[in-house]
>>> print(open('my_file-v1.txt').read())   # compact mmCIF, C-alpha atoms and all ligand atoms
# COMPACT_ATOMS: atom_id res chain seq x y z
CA MET A 1 28.99 -1.95 8.32
CA LYS A 2 26.84 -5.03 8.92
CA ILE A 3 26.86 -7.86 6.37
CA LEU A 4 24.52 -10.85 6.19
CA ILE A 5 25.79 -13.99 4.44
CA THR A 6 23.08 -16.51 3.55
CA GLY A 7 23.80 -20.13 2.62
CA ALA A 8 26.81 -19.81 4.90
CA ASN A 9 27.59 -23.55 5.05
CA GLY A 10 28.06 -23.89 1.29
CA GLN A 11 31.52 -23.70 -0.28
CA LEU A 12 31.35 -19.98 -1.12
CA GLY A 13 29.84 -19.17 2.27
CA LYS A 14 32.71 -20.99 3.97
CA CYS A 15 35.30 -19.20 1.84
CA ILE A 16 33.78 -15.83 2.79
CA ARG A 17 33.82 -16.87 6.44
CA ASP A 18 37.53 -17.78 6.16
CA ILE A 19 38.51 -14.32 4.97
CA SER A 20 36.04 -12.37 7.11
CA ASN A 21 38.65 -11.86 9.82
CA HIS A 22 40.70 -9.83 7.30
CA TYR A 23 37.90 -7.26 7.60
CA PRO A 24 37.69 -6.46 11.33
CA GLU A 25 35.84 -3.23 10.55
CA TYR A 26 32.83 -5.23 9.30
CA ASN A 27 30.29 -7.07 11.37
CA PHE A 28 29.38 -10.36 9.63
CA LEU A 29 26.41 -12.58 10.34
CA PHE A 30 26.75 -16.04 8.76
CA LEU A 31 23.51 -18.00 8.53
CA GLY A 32 23.19 -21.47 7.06
CA ARG A 33 19.95 -22.94 5.75
CA LYS A 34 18.89 -24.11 9.25
CA GLU A 35 19.22 -20.61 10.68
CA LEU A 36 17.72 -18.84 7.66
CA ASP A 37 15.81 -20.59 4.91
CA ILE A 38 15.54 -18.00 2.13
CA VAL A 39 12.29 -19.62 0.97
CA ASN A 40 10.73 -18.65 4.31
CA LYS A 41 9.55 -15.02 3.95
CA GLU A 42 8.48 -14.77 7.56
CA ALA A 43 11.90 -15.88 8.86
CA ILE A 44 13.56 -13.24 6.68
CA ARG A 45 11.17 -10.56 7.95
CA VAL A 46 11.77 -11.47 11.59
CA LEU A 47 15.55 -11.33 11.09
CA PHE A 48 15.48 -7.98 9.28
CA ASP A 49 13.12 -6.52 11.90
CA LYS A 50 15.68 -7.41 14.54
CA GLU A 51 18.84 -6.35 12.70
CA GLU A 52 19.81 -3.77 10.10
CA PHE A 53 22.17 -4.88 7.33
CA ASP A 54 24.12 -2.72 4.89
CA TYR A 55 24.76 -5.69 2.59
CA CYS A 56 23.25 -9.12 2.12
CA VAL A 57 25.36 -11.61 0.16
CA ASN A 58 23.15 -14.43 -1.06
CA THR A 59 25.28 -17.52 -1.58
CA ALA A 60 22.29 -19.80 -0.87
CA ALA A 61 21.15 -21.70 -3.92
CA TYR A 62 19.87 -24.99 -5.25
CA THR A 63 23.10 -26.02 -7.01
CA ASN A 64 22.63 -29.64 -8.09
CA VAL A 65 22.61 -29.25 -11.88
CA GLU A 66 21.81 -32.92 -12.54
CA LYS A 67 19.01 -33.30 -9.95
CA ALA A 68 17.42 -29.99 -10.96
CA GLU A 69 16.21 -31.66 -14.18
CA SER A 70 13.81 -33.81 -12.12
CA GLU A 71 13.32 -31.34 -9.25
CA LYS A 72 12.37 -28.27 -11.24
CA GLU A 73 9.99 -26.88 -8.59
CA LYS A 74 12.57 -27.19 -5.83
CA ALA A 75 15.23 -25.47 -7.93
CA PHE A 76 12.93 -22.54 -8.78
CA LEU A 77 11.68 -22.31 -5.20
CA VAL A 78 15.19 -21.52 -3.94
CA ASN A 79 16.77 -19.85 -6.97
CA GLU A 80 13.82 -17.67 -7.97
CA ASP A 81 11.39 -17.36 -5.04
CA GLY A 82 14.19 -17.29 -2.44
CA VAL A 83 15.89 -14.41 -4.28
CA LYS A 84 12.52 -12.64 -4.63
CA ASN A 85 12.00 -12.87 -0.86
CA LEU A 86 15.43 -11.43 -0.14
CA ALA A 87 15.06 -8.69 -2.76
CA LYS A 88 11.73 -7.50 -1.32
CA GLN A 89 13.06 -7.44 2.23
CA CYS A 90 16.33 -5.75 1.19
CA LYS A 91 14.30 -3.05 -0.55
CA LYS A 92 12.24 -2.47 2.61
CA ASN A 93 15.38 -2.16 4.72
CA ASN A 94 17.57 -0.36 2.15
CA THR A 95 20.08 -3.25 2.16
CA THR A 96 22.25 -3.78 -0.92
CA LEU A 97 21.83 -7.33 -2.21
CA ILE A 98 24.72 -9.18 -3.80
CA GLN A 99 23.38 -12.18 -5.69
CA VAL A 100 25.68 -14.89 -7.06
CA SER A 101 24.72 -16.25 -10.46
CA THR A 102 26.16 -18.51 -13.09
CA ASP A 103 27.68 -18.96 -16.54
CA TYR A 104 24.87 -21.49 -17.11
CA VAL A 105 22.49 -18.63 -17.99
CA PHE A 106 24.12 -18.86 -21.46
CA ASP A 107 23.53 -21.50 -24.12
CA GLY A 108 27.21 -21.90 -25.01
CA LYS A 109 26.80 -21.30 -28.72
CA LYS A 110 29.09 -18.28 -28.73
CA ARG A 111 32.75 -19.04 -29.30
CA ALA A 112 34.20 -16.00 -27.55
CA PRO A 113 33.96 -15.09 -23.86
CA TYR A 114 30.49 -13.96 -22.79
CA THR A 115 30.07 -10.37 -21.69
CA GLU A 116 27.37 -9.10 -19.36
CA LYS A 117 25.44 -7.81 -22.40
CA ASP A 118 25.22 -11.09 -24.30
CA PRO A 119 21.75 -12.60 -24.60
CA THR A 120 20.93 -15.31 -22.09
CA ASN A 121 19.38 -18.63 -23.06
CA PRO A 122 19.84 -21.36 -20.45
CA VAL A 123 19.92 -24.96 -21.65
CA ASN A 124 19.12 -26.62 -18.33
CA VAL A 125 16.72 -26.20 -15.39
CA TYR A 126 19.40 -24.98 -13.00
CA GLY A 127 20.47 -22.22 -15.41
CA ALA A 128 16.84 -21.25 -16.06
CA SER A 129 16.10 -21.01 -12.33
CA LYS A 130 19.21 -18.88 -11.69
CA LEU A 131 18.26 -16.59 -14.58
CA GLU A 132 14.78 -16.08 -13.09
CA GLY A 133 16.50 -15.17 -9.81
CA GLU A 134 18.48 -12.49 -11.66
CA LYS A 135 15.31 -11.16 -13.29
CA VAL A 136 13.23 -10.89 -10.11
CA LEU A 137 16.08 -9.10 -8.37
CA GLN A 138 16.43 -6.61 -11.24
CA GLU A 139 12.68 -5.98 -11.23
CA ILE A 140 12.36 -5.54 -7.47
CA TRP A 141 15.41 -3.76 -6.11
CA ARG A 142 17.78 -1.30 -7.73
CA LYS A 143 20.59 -1.63 -5.18
CA HIS A 144 21.94 -4.96 -6.33
CA TYR A 145 24.96 -6.65 -7.78
CA ILE A 146 24.60 -9.85 -9.78
CA ILE A 147 27.92 -11.66 -9.94
CA ARG A 148 28.00 -14.38 -12.57
CA THR A 149 30.73 -16.90 -12.00
CA SER A 150 31.76 -20.28 -13.39
CA TRP A 151 32.99 -23.75 -12.45
CA LEU A 152 33.47 -22.97 -8.74
CA TYR A 153 35.75 -25.18 -6.71
CA SER A 154 37.61 -24.90 -3.42
CA GLN A 155 38.88 -26.94 -0.51
CA TYR A 156 35.23 -27.23 0.62
CA GLY A 157 32.31 -29.35 -0.50
CA GLN A 158 31.52 -31.69 -3.35
CA ASN A 159 33.09 -29.89 -6.27
CA PHE A 160 34.99 -31.22 -9.28
CA TYR A 161 38.39 -30.63 -7.69
CA ASN A 162 37.57 -32.59 -4.53
CA MET A 163 35.90 -35.32 -6.57
CA ILE A 164 39.00 -35.84 -8.75
CA LEU A 165 41.26 -36.04 -5.69
CA ARG A 166 38.90 -38.50 -4.00
CA PHE A 167 38.70 -40.78 -7.04
CA VAL A 168 42.48 -40.87 -7.40
CA LYS A 169 42.89 -41.61 -3.70
CA GLU A 170 40.48 -44.53 -4.12
CA GLY A 171 42.66 -45.82 -6.97
CA LYS A 172 40.01 -45.26 -9.63
CA SER A 173 40.94 -44.23 -13.15
CA LEU A 174 39.13 -41.20 -14.47
CA THR A 175 37.34 -40.62 -17.75
CA VAL A 176 36.80 -36.91 -18.21
CA THR A 177 35.09 -35.04 -21.00
CA THR A 178 36.36 -32.39 -23.39
CA GLU A 179 32.81 -31.44 -24.42
CA GLN A 180 32.62 -28.21 -22.41
CA THR A 181 34.98 -25.28 -22.19
CA GLY A 182 34.81 -22.85 -19.29
CA THR A 183 36.96 -21.32 -16.57
CA PRO A 184 37.57 -23.09 -13.27
CA THR A 185 37.16 -20.47 -10.55
CA ASN A 186 38.59 -20.67 -7.07
CA ALA A 187 35.73 -19.84 -4.66
CA ASN A 188 38.26 -18.21 -2.30
CA ASP A 189 39.04 -15.69 -5.06
CA LEU A 190 35.34 -15.09 -5.64
CA ALA A 191 34.93 -14.48 -1.90
CA GLU A 192 37.69 -11.81 -2.11
CA ALA A 193 36.07 -10.31 -5.19
CA ILE A 194 32.73 -9.99 -3.37
CA LEU A 195 34.35 -8.40 -0.33
CA ASN A 196 36.16 -6.07 -2.73
CA ILE A 197 32.79 -4.80 -3.99
CA ILE A 198 31.65 -4.16 -0.44
CA THR A 199 34.90 -2.43 0.49
CA SER A 200 34.66 -0.14 -2.52
CA ASP A 201 31.06 0.75 -1.54
CA SER A 202 30.95 2.41 -4.96
CA LYS A 203 27.27 1.90 -5.73
CA ARG A 204 28.10 0.73 -9.26
CA TYR A 205 25.16 -1.62 -9.23
CA GLY A 206 24.45 -4.11 -12.00
CA ILE A 207 25.59 -7.38 -13.52
CA TYR A 208 29.26 -8.39 -13.42
CA ASN A 209 31.10 -11.46 -14.57
CA TYR A 210 33.77 -12.75 -12.24
CA SER A 211 35.93 -15.79 -12.88
CA ASN A 212 39.57 -16.71 -12.83
CA GLN A 213 41.31 -16.13 -16.15
CA GLY A 214 41.94 -18.44 -19.09
CA GLU A 215 39.93 -21.40 -20.28
CA ALA A 216 39.86 -25.16 -19.96
CA THR A 217 37.83 -28.25 -20.67
CA TRP A 218 36.91 -30.50 -17.73
CA TYR A 219 39.64 -32.83 -19.01
CA ASP A 220 42.21 -29.99 -18.92
CA PHE A 221 41.10 -29.14 -15.40
CA ALA A 222 41.41 -32.75 -14.21
CA LYS A 223 44.84 -33.08 -15.85
CA GLU A 224 46.08 -29.89 -14.19
CA ILE A 225 44.81 -31.06 -10.77
CA LEU A 226 46.63 -34.39 -11.16
CA THR A 227 49.77 -32.74 -12.55
CA GLN A 228 50.00 -30.12 -9.83
CA THR A 229 49.41 -32.70 -7.08
CA GLY A 230 51.99 -35.05 -8.66
CA GLN A 231 49.45 -37.82 -9.25
CA LEU A 232 49.15 -37.96 -13.05
CA THR A 233 50.18 -41.34 -14.44
CA GLN A 234 50.07 -42.76 -17.96
CA THR A 235 46.88 -44.65 -17.19
CA ASN A 236 44.79 -42.84 -14.59
CA LEU A 237 43.26 -40.14 -16.80
CA VAL A 238 41.35 -40.88 -19.99
CA LYS A 239 39.91 -38.29 -22.35
CA THR A 240 36.40 -38.65 -23.77
CA ASP A 241 34.37 -36.45 -26.09
CA TYR A 242 31.04 -37.76 -24.79
CA TYR A 243 29.92 -38.15 -21.20
CA ARG A 244 26.25 -38.93 -20.62
CA THR A 245 24.46 -36.62 -18.19
CA PHE A 246 20.81 -35.75 -17.46
CA ALA A 247 21.34 -32.04 -17.79
CA GLN A 248 22.56 -30.42 -20.96
CA ARG A 249 25.44 -28.00 -20.38
CA PRO A 250 26.65 -25.05 -22.45
CA ALA A 251 29.53 -26.22 -24.67
CA PHE A 252 31.32 -22.92 -24.12
CA SER A 253 30.77 -20.69 -21.10
CA VAL A 254 33.94 -18.66 -20.61
CA LEU A 255 33.06 -15.31 -19.04
CA ASP A 256 34.61 -12.00 -20.01
CA ALA A 257 35.29 -10.45 -16.61
CA ARG A 258 36.97 -7.24 -17.80
CA LYS A 259 34.10 -5.04 -16.61
CA TYR A 260 34.55 -6.28 -13.05
CA PHE A 261 38.34 -5.96 -13.15
CA SER A 262 38.27 -2.42 -14.48
CA LYS A 263 35.36 -1.03 -12.40
CA PHE A 264 36.63 -2.55 -9.16
CA ASN A 265 40.32 -2.15 -9.82
CA TYR A 266 41.08 -5.81 -9.23
CA GLN A 267 43.82 -8.10 -10.48
CA SER A 268 42.81 -11.07 -12.58
CA ILE A 269 44.27 -14.47 -11.66
CA GLU A 270 45.06 -17.32 -14.08
CA TRP A 271 43.07 -20.43 -13.15
CA GLN A 272 46.18 -22.65 -13.07
CA LYS A 273 47.88 -20.28 -10.63
CA SER A 274 44.82 -20.12 -8.43
CA LEU A 275 44.54 -23.92 -8.42
CA LYS A 276 48.03 -24.00 -6.91
CA ASN A 277 46.76 -21.79 -4.07
CA VAL A 278 43.92 -24.20 -3.29
CA ILE A 279 46.28 -27.18 -3.36
CA ASN A 280 48.63 -25.35 -0.97
CA LEU A 281 45.71 -24.60 1.35
CA LYS A 282 44.96 -28.31 1.54
CA ILE A 283 48.60 -29.17 2.24
CA ASN A 284 48.90 -26.50 4.92
CA ASN A 285 45.70 -27.47 6.75
N1 LIG A 301 29.35 -24.55 -7.77
C1 LIG A 301 29.52 -24.04 -8.99
O1 LIG A 301 30.20 -24.61 -9.85
C2 LIG A 301 28.89 -22.71 -9.34
C3 LIG A 301 29.12 -22.16 -10.61
C4 LIG A 301 28.54 -20.94 -10.92
C5 LIG A 301 27.76 -20.29 -9.99
N2 LIG A 301 27.53 -20.85 -8.77
C6 LIG A 301 26.70 -20.13 -7.80
O2 LIG A 301 27.54 -19.75 -6.73
C7 LIG A 301 26.79 -19.69 -5.52
C8 LIG A 301 27.50 -20.47 -4.43
O3 LIG A 301 27.57 -21.82 -4.84
P1 LIG A 301 28.31 -22.93 -3.97
O4 LIG A 301 29.21 -23.66 -4.88
O5 LIG A 301 28.84 -22.33 -2.71
O6 LIG A 301 27.07 -23.86 -3.65
P2 LIG A 301 26.86 -24.90 -2.45
O7 LIG A 301 28.16 -25.35 -1.91
O8 LIG A 301 25.88 -25.89 -2.95
O9 LIG A 301 26.17 -23.98 -1.34
C9 LIG A 301 24.86 -23.53 -1.43
C10 LIG A 301 24.32 -23.47 -0.03
O10 LIG A 301 22.98 -22.97 -0.08
C11 LIG A 301 22.25 -23.67 0.88
N3 LIG A 301 20.81 -23.60 0.61
C12 LIG A 301 20.08 -24.32 -0.28
N4 LIG A 301 18.79 -23.97 -0.21
C13 LIG A 301 18.70 -23.01 0.74
C14 LIG A 301 17.63 -22.26 1.30
N5 LIG A 301 16.38 -22.45 0.88
N6 LIG A 301 17.90 -21.35 2.27
C15 LIG A 301 19.16 -21.18 2.69
N7 LIG A 301 20.21 -21.86 2.25
C16 LIG A 301 19.98 -22.77 1.27
C17 LIG A 301 22.76 -25.09 0.80
O11 LIG A 301 22.41 -25.77 1.96
P3 LIG A 301 22.14 -27.37 1.90
O12 LIG A 301 23.49 -27.96 1.66
O13 LIG A 301 21.55 -27.66 3.23
O14 LIG A 301 21.20 -27.60 0.76
C18 LIG A 301 24.25 -24.84 0.66
O15 LIG A 301 24.87 -24.77 1.93
C19 LIG A 301 25.39 -20.19 -5.89
O16 LIG A 301 24.57 -19.08 -6.14
C20 LIG A 301 25.60 -20.94 -7.17
O17 LIG A 301 24.44 -20.96 -7.96
C21 LIG A 301 28.09 -22.04 -8.43
>>> encode(input="my_file-v1.txt", output="structure tokens")
Amino acid sequence: MKILITGANGQLGKCIRDISNHYPEYNFLFLGRKELDIVNKEAIRVLFDKEEFDYCVNTAAYTNVEKAESEKEKAFLVNEDGVKNLAKQCKKNNTTLIQVSTDYVFDGKKRAPYTEKDPTNPVNVYGASKLEGEKVLQEIWRKHYIIRTSWLYSQYGQNFYNMILRFVKEGKSLTVTTEQTGTPTNANDLAEAILNIITSDSKRYGIYNYSNQGEATWYDFAKEILTQTGQLTQTNLVKTDYYRTFAQRPAFSVLDARKYFSKFNYQSIEWQKSLKNVINLKINN
């Protein structure tokens, strides 16, 4: 089995790379943006003419939610056109495409976890561009999985978890909002969940939610990070119910991942427990 991973230098790409040696029976090709720009149709064609892939996992994306508000074209170029390019080529080569999407396709007005069937209605440019990526994939190529996930963090990259640890290290006090509720998701777990789909090779195509379990506000998440790393003091974390940002965010975006867990026979993991695993990774490395 040959598997192409695009966007390989992003946090999810790196997490997949880390566990790829647990799957010696698979042949992985990891390509970062420099080696394969998914906006470049010709580069994709040349690659697929040279090599046959059973699966393509597209982790490449324009992910800056704030900047996307002023860089709408760039966001859509990667998150819609890039996915379209991959979908067309995957169809030509009979390659199953696994596309990673987001809880930000929802408007957050629901007060119970979102299922795959709930209506989408993104409230920011990033969410709108990711939703268009889902739509073009569904229109073009039947053999696909769309995995919607939320609040990704890991030992890699500029995510909320690393930002909180950096601020504390620099002696800054943190003001963190309670305005949004979601589920922090360890990107290492998502990497496992994606590989689990490939291993099952079950052809149960479609949309799936995948996140860790439970729910939290950004404030809860920050507090848990500081508590678990033994750095919470009486003064270094302040709660706010308003934090000014360019992009609007869904107030509630917890995903109901039961479809994934039942169809792929996978254990769910509480977000607090999974956070401990990421902290241990950092300590052990
Ligand atoms: N992070 C989250 O909280 C979150 C939440 C829900 C869903 N997701 C989704 O999860 C997936 C993985 O996200 P992540 O956190 O791993 O993001 P990330 O760390 O920002 O990684 C994305 C990678 O894609 C690359 N990329 C951007 N444009 C590209 C292009 N045209 N061709 C090829 N590569 C390109 C980026 O390279 P450069 O660094 O060079 O730009 C980056 O290495 C994405 O689909 C994202 O939308 C993320």
>>> residues_around(input="my_file-v1.txt", residues="stretch 245-258 of chain A", least_positions_apart="3", cutoff="7 Å", atoms="all atoms listed in the file", output="PyMOL selection string")
chain A and resi 65-66+69+103-104+106-111+113-115+123-124+179-183+209-211+215+261-262
>>> atom_distance(input="my_file-v1.txt", atom1="atom CA of A:Gly13", atom2="atom CA of A:Ala187")
9.1 Å
>>> closest_residue(input="my_file-v1.txt", among="A:Lys259, A:Lys169, A:Lys203, A:Arg17", to="ligand LIG 301 (chain A)", atoms="all atoms listed in the file")
A:Arg17
>>> residues_around(input="my_file-v1.txt", residues="A:Val125", least_positions_apart="2", cutoff="7 Å", atoms="only C-alpha atoms", output="MDAnalysis selection string")
chainID A and resid 68:69 72 127:129
>>> atom_distance(input="my_file-v1.txt", atom1="atom N1 of ligand LIG 301 (chain A)", atom2="atom CA of A:Glu52")
29.0 Å
>>> atom_distance(input="my_file-v1.txt", atom1="atom C5 of ligand LIG 301 (chain A)", atom2="atom CA of A:Asn236")
28.6 Å
>>> closest_residue(input="my_file-v1.txt", among="A:Phe53, A:Tyr156, A:Phe30, A:Tyr242", to="ligand LIG 301 (chain A)", atoms="only C-alpha atoms and all ligand atoms")
A:Tyr156
>>> closest_residue(input="my_file-v1.txt", among="A:Glu71, A:Leu232, A:Lys2, A:Ile225", to="A:Met163", atoms="only C-alpha atoms")
A:Ile225
>>> closest_residue(input="my_file-v1.txt", among="A:Trp271, A:Gly206, A:Asp241, A:Ser173", to="A:Phe221", atoms="only C-alpha atoms")
A:Trp271
>>> closest_residue(input="my_file-v1.txt", among="A:Ala191, A:Ala75, A:Ala60, A:Ile44", to="ligand LIG 301 (chain A)", atoms="only C-alpha atoms and all ligand atoms")
A:Ala60
>>> closest_residue(input="my_file-v1.txt", among="A:Leu281, A:Val83, A:Leu195, A:Leu237", to="A:Tyr266", atoms="only C-alpha atoms")
A:Leu195
>>> residues_around(input="my_file-v1.txt", residues="A:Thr95", least_positions_apart="6", cutoff="9 Å", atoms="only C-alpha atoms", output="NGL selection string")
:A and (52-56 or 87 or 89 or 143-144)
>>> write_last_selection(input="my_file-v1.txt", atoms="C-alpha atoms", output="PDB file, in the coordinates of the input")
ATOM      1  CA  GLU A  52      19.810  -3.770  10.100  1.00  0.00           C
ATOM      2  CA  PHE A  53      22.170  -4.880   7.330  1.00  0.00           C
ATOM      3  CA  ASP A  54      24.120  -2.720   4.890  1.00  0.00           C
ATOM      4  CA  TYR A  55      24.760  -5.690   2.590  1.00  0.00           C
ATOM      5  CA  CYS A  56      23.250  -9.120   2.120  1.00  0.00           C
ATOM      6  CA  ALA A  87      15.060  -8.690  -2.760  1.00  0.00           C
ATOM      7  CA  GLN A  89      13.060  -7.440   2.230  1.00  0.00           C
ATOM      8  CA  LYS A 143      20.590  -1.630  -5.180  1.00  0.00           C
ATOM      9  CA  HIS A 144      21.940  -4.960  -6.330  1.00  0.00           C
TER      10      HIS A 144
END
>>> residues_around(input="my_file-v1.txt", residues="A:Lys130", least_positions_apart="5", cutoff="12 Å", atoms="only C-alpha atoms", output="PyMOL selection string")
chain A and resi 59-65+68+72+75-84+99-106+120-125+135-137+146-149
